[in-house]
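The structure under discussion appears below in the form of C-alpha coordinates.
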Amino acid sequence: MVARARGGGTADARELGIGFVPFSPLGKASSRAPSPENTTFDSNDFRNIVPRFTPEARKANQALVDQLRDIAAQKQATAAQVAIAWLLAQKPWIVPIPGTTKLHRLEENIGAAGVELTSDDLREIERAVSEVTVQGARYPEHLQKLVGR
(Lines give C-alpha, C1' and ligand atoms only; values in the text may rest on other atoms or scores of the structure.)
Protein backbone atom coordinates (compact mmCIF):
# COMPACT_ATOMS: atom_id res chain seq x y z
CA MET A 1 0.00 0.00 0.00
CA VAL A 2 1.39 3.43 -0.88
CA ALA A 3 0.48 6.61 0.97
CA ARG A 4 1.31 10.20 0.12
CA ALA A 5 3.88 11.66 2.45
CA ARG A 6 4.46 15.35 3.16
CA GLY A 7 6.05 17.14 0.27
CA GLY A 8 4.31 15.08 -2.40
CA GLY A 9 6.55 11.99 -2.20
CA THR A 10 5.28 8.51 -1.55
CA ALA A 11 5.93 6.20 1.34
CA ASP A 12 4.94 2.65 2.14
CA ALA A 13 2.03 2.90 4.61
CA ARG A 14 3.68 0.29 6.84
CA GLU A 15 6.57 2.74 7.38
CA LEU A 16 3.99 5.18 8.82
CA GLY A 17 2.59 2.54 11.17
CA ILE A 18 -0.58 2.01 9.13
CA GLY A 19 -1.72 -1.59 8.78
CA PHE A 20 -5.34 -1.32 7.63
CA VAL A 21 -7.14 1.53 5.90
CA PRO A 22 -10.95 1.33 5.92
CA PHE A 23 -11.77 3.36 2.82
CA SER A 24 -15.02 5.30 2.85
CA PRO A 25 -16.33 3.69 6.04
CA LEU A 26 -19.26 6.08 6.25
CA GLY A 27 -20.30 6.11 2.61
CA LYS A 28 -20.68 2.35 2.51
CA ALA A 29 -22.23 2.12 5.94
CA SER A 30 -25.46 3.54 7.18
CA SER A 31 -24.37 5.83 10.00
CA ARG A 32 -25.09 8.83 7.79
CA ALA A 33 -27.92 7.21 5.93
CA PRO A 34 -31.27 8.90 6.09
CA SER A 35 -34.08 6.91 7.62
CA PRO A 36 -35.53 4.35 5.22
CA GLU A 37 -39.05 5.65 4.98
CA ASN A 38 -39.84 7.87 2.01
CA THR A 39 -36.18 8.58 1.17
CA THR A 40 -35.01 8.95 -2.38
CA PHE A 41 -31.57 9.89 -3.60
CA ASP A 42 -30.73 12.34 -6.34
CA SER A 43 -30.56 10.58 -9.71
CA ASN A 44 -26.74 10.88 -9.89
CA ASP A 45 -26.17 9.71 -6.28
CA PHE A 46 -23.89 6.65 -6.12
CA ARG A 47 -26.09 5.11 -3.42
CA ASN A 48 -28.74 4.40 -6.07
CA ILE A 49 -26.65 1.43 -7.27
CA VAL A 50 -25.35 0.25 -3.88
CA PRO A 51 -27.31 -2.76 -2.55
CA ARG A 52 -26.85 -1.59 1.06
CA PHE A 53 -28.90 1.52 0.27
CA THR A 54 -32.01 -0.07 -1.15
CA PRO A 55 -35.08 0.85 0.90
CA GLU A 56 -35.35 -2.76 2.13
CA ALA A 57 -31.69 -2.90 3.25
CA ARG A 58 -31.88 0.49 4.96
CA LYS A 59 -34.98 -0.59 6.84
CA ALA A 60 -33.34 -3.87 7.92
CA ASN A 61 -30.14 -2.08 9.01
CA GLN A 62 -31.93 0.70 10.87
CA ALA A 63 -31.62 -1.02 14.27
CA LEU A 64 -27.83 -0.74 14.12
CA VAL A 65 -28.01 2.89 13.00
CA ASP A 66 -30.40 3.63 15.86
CA GLN A 67 -27.94 2.10 18.35
CA LEU A 68 -25.13 4.30 17.02
CA ARG A 69 -27.39 7.34 17.23
CA ASP A 70 -28.29 6.51 20.85
CA ILE A 71 -24.63 6.26 21.84
CA ALA A 72 -23.88 9.43 19.88
CA ALA A 73 -26.59 11.35 21.72
CA GLN A 74 -25.02 10.33 25.05
CA LYS A 75 -21.63 11.56 23.79
CA GLN A 76 -23.01 14.77 22.25
CA ALA A 77 -21.65 13.52 18.94
CA THR A 78 -23.04 12.27 15.66
CA ALA A 79 -23.49 8.63 14.68
CA ALA A 80 -20.83 9.13 12.01
CA GLN A 81 -18.39 10.38 14.65
CA VAL A 82 -19.12 7.36 16.83
CA ALA A 83 -18.54 5.05 13.85
CA ILE A 84 -15.16 6.65 13.13
CA ALA A 85 -14.25 6.70 16.83
CA TRP A 86 -15.09 2.99 17.00
CA LEU A 87 -12.70 2.28 14.12
CA LEU A 88 -9.98 4.37 15.79
CA ALA A 89 -10.49 2.46 19.07
CA GLN A 90 -9.92 -0.95 17.48
CA LYS A 91 -6.14 -0.91 16.89
CA PRO A 92 -3.61 1.93 16.63
CA TRP A 93 -2.65 0.81 13.12
CA ILE A 94 -6.21 1.13 11.74
CA VAL A 95 -6.48 4.46 9.93
CA PRO A 96 -9.92 5.15 8.42
CA ILE A 97 -10.28 7.42 5.42
CA PRO A 98 -13.79 8.86 5.50
CA GLY A 99 -14.22 10.70 2.23
CA THR A 100 -16.36 13.76 1.74
CA THR A 101 -16.95 16.62 -0.64
CA LYS A 102 -18.55 18.86 1.98
CA LEU A 103 -16.69 21.07 4.47
CA HIS A 104 -19.21 20.48 7.26
CA ARG A 105 -18.76 16.70 6.87
CA LEU A 106 -14.96 17.11 6.99
CA GLU A 107 -15.33 19.06 10.23
CA GLU A 108 -17.70 16.39 11.56
CA ASN A 109 -15.21 13.64 10.64
CA ILE A 110 -12.35 15.47 12.37
CA GLY A 111 -14.53 15.79 15.48
CA ALA A 112 -14.54 11.99 15.78
CA ALA A 113 -10.99 12.17 17.15
CA GLY A 114 -12.41 13.89 20.23
CA VAL A 115 -15.08 11.25 20.90
CA GLU A 116 -13.96 9.00 23.73
CA LEU A 117 -15.62 5.62 23.79
CA THR A 118 -15.50 3.75 27.09
CA SER A 119 -15.14 -0.01 27.31
CA ASP A 120 -18.90 -0.09 28.04
CA ASP A 121 -19.56 1.91 24.86
CA LEU A 122 -17.41 -0.47 22.84
CA ARG A 123 -19.23 -3.49 24.31
CA GLU A 124 -22.59 -1.88 23.50
CA ILE A 125 -21.53 -1.29 19.90
CA GLU A 126 -20.21 -4.85 19.60
CA ARG A 127 -23.48 -6.17 21.02
CA ALA A 128 -25.50 -4.12 18.53
CA VAL A 129 -23.33 -5.28 15.64
CA SER A 130 -23.69 -8.92 16.68
CA GLU A 131 -27.49 -8.64 16.87
CA VAL A 132 -27.97 -7.15 13.40
CA THR A 133 -27.11 -9.00 10.21
CA VAL A 134 -26.26 -6.13 7.90
CA GLN A 135 -28.33 -6.37 4.74
CA GLY A 136 -27.13 -5.38 1.28
CA ALA A 137 -23.70 -5.72 -0.26
CA ARG A 138 -21.11 -2.96 0.13
CA TYR A 139 -20.85 -2.59 -3.66
CA PRO A 140 -22.80 -3.81 -6.66
CA GLU A 141 -21.28 -7.05 -7.98
CA HIS A 142 -19.49 -5.45 -10.95
CA LEU A 143 -17.66 -3.00 -8.65
CA GLN A 144 -16.95 -5.55 -5.92
CA LYS A 145 -14.84 -7.47 -8.46
CA LEU A 146 -12.48 -4.45 -8.58
CA VAL A 147 -11.82 -4.42 -4.82
CA GLY A 148 -8.34 -5.50 -3.80
CA ARG A 149 -6.85 -5.30 -7.26
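Letters for chains follow the order of the C-alpha coordinates (A, B, ...), residue numbers begin at 1 for each chain, and ligand numbers begin at 1 in the order shown.
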Worksheet item: Skipping near chain neighbours, those fewer than 4 positions away, what residues fall within 8 Å of range 78-87 of chain A using only C-alpha atoms, listed as number ranges by chain?
Response: A: 25-26, 31-32, 65, 68-69, 71-73, 91, 94-96, 108-109, 111-113, 115-117, 122
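Here CA of Gln74 in chain A stands at a distance of 25.4 Å from CA of Pro22 in chain A.
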Worksheet entry | DSSP alpha helix (DSSP H) selection over range 36-143 of chain A, as JSON, numbers by chain | {"A": [55, 56, 57, 58, 59, 60, 61, 62, 63, 64, 65, 66, 67, 68, 69, 70, 71, 72, 73, 74, 75, 79, 80, 81, 82, 83, 84, 85, 86, 87, 88, 89, 90, 103, 104, 105, 106, 107, 108, 109, 110, 111, 119, 120, 121, 122, 123, 124, 125, 126, 127, 128, 129, 130, 131, 141, 142, 143]}
Worksheet entry | Residue among A:Thr39, A:Thr54, A:Asn61, A:Gln76 lying closest to Gly114 in chain A, counting only C-alpha atoms |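 Closest to Gly114 in chain A of all the choices is A:Gln76.
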Item to complete: Could you tell me how far CA of Ala60 in chain A lies from CA of Gln135 in chain A, in Å and to one decimal?
Response: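 Between these atoms lies a distance of 6.4 Å.
Picture a line from CA of Leu64 in chain A to CA of Ala128 in chain A; it runs 6.0 Å.
All residues in chain A with a DSSP state of strand (DSSP E), computed from the backbone, read A:Val2, A:Ala3, A:Arg4, A:Thr10, A:Ala11, A:Asp12.
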Worksheet entry | Nearest to Arg58 in chain A, chosen from A:Thr100, A:Asn44, A:Thr133, A:Thr118, with only C-alpha atoms counted in the distances |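 Selected residue with least distance to Arg58 in chain A: A:Thr133.
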Practice prompt. Using only C-alpha atoms, pick whichever of A:Pro98, A:Gln67, A:Phe41, A:Glu131 has the shortest atom-to-atom distance to Pro55 in chain A.
Written response: A:Phe41
Worksheet item: Excluding same-chain residues fewer than 2 positions from Pro140 in chain A, what lies within 12 Å of it counting only C-alpha atoms, as a ChimeraX atom specification?
Response: /A:28,46-54,136-138,142-147
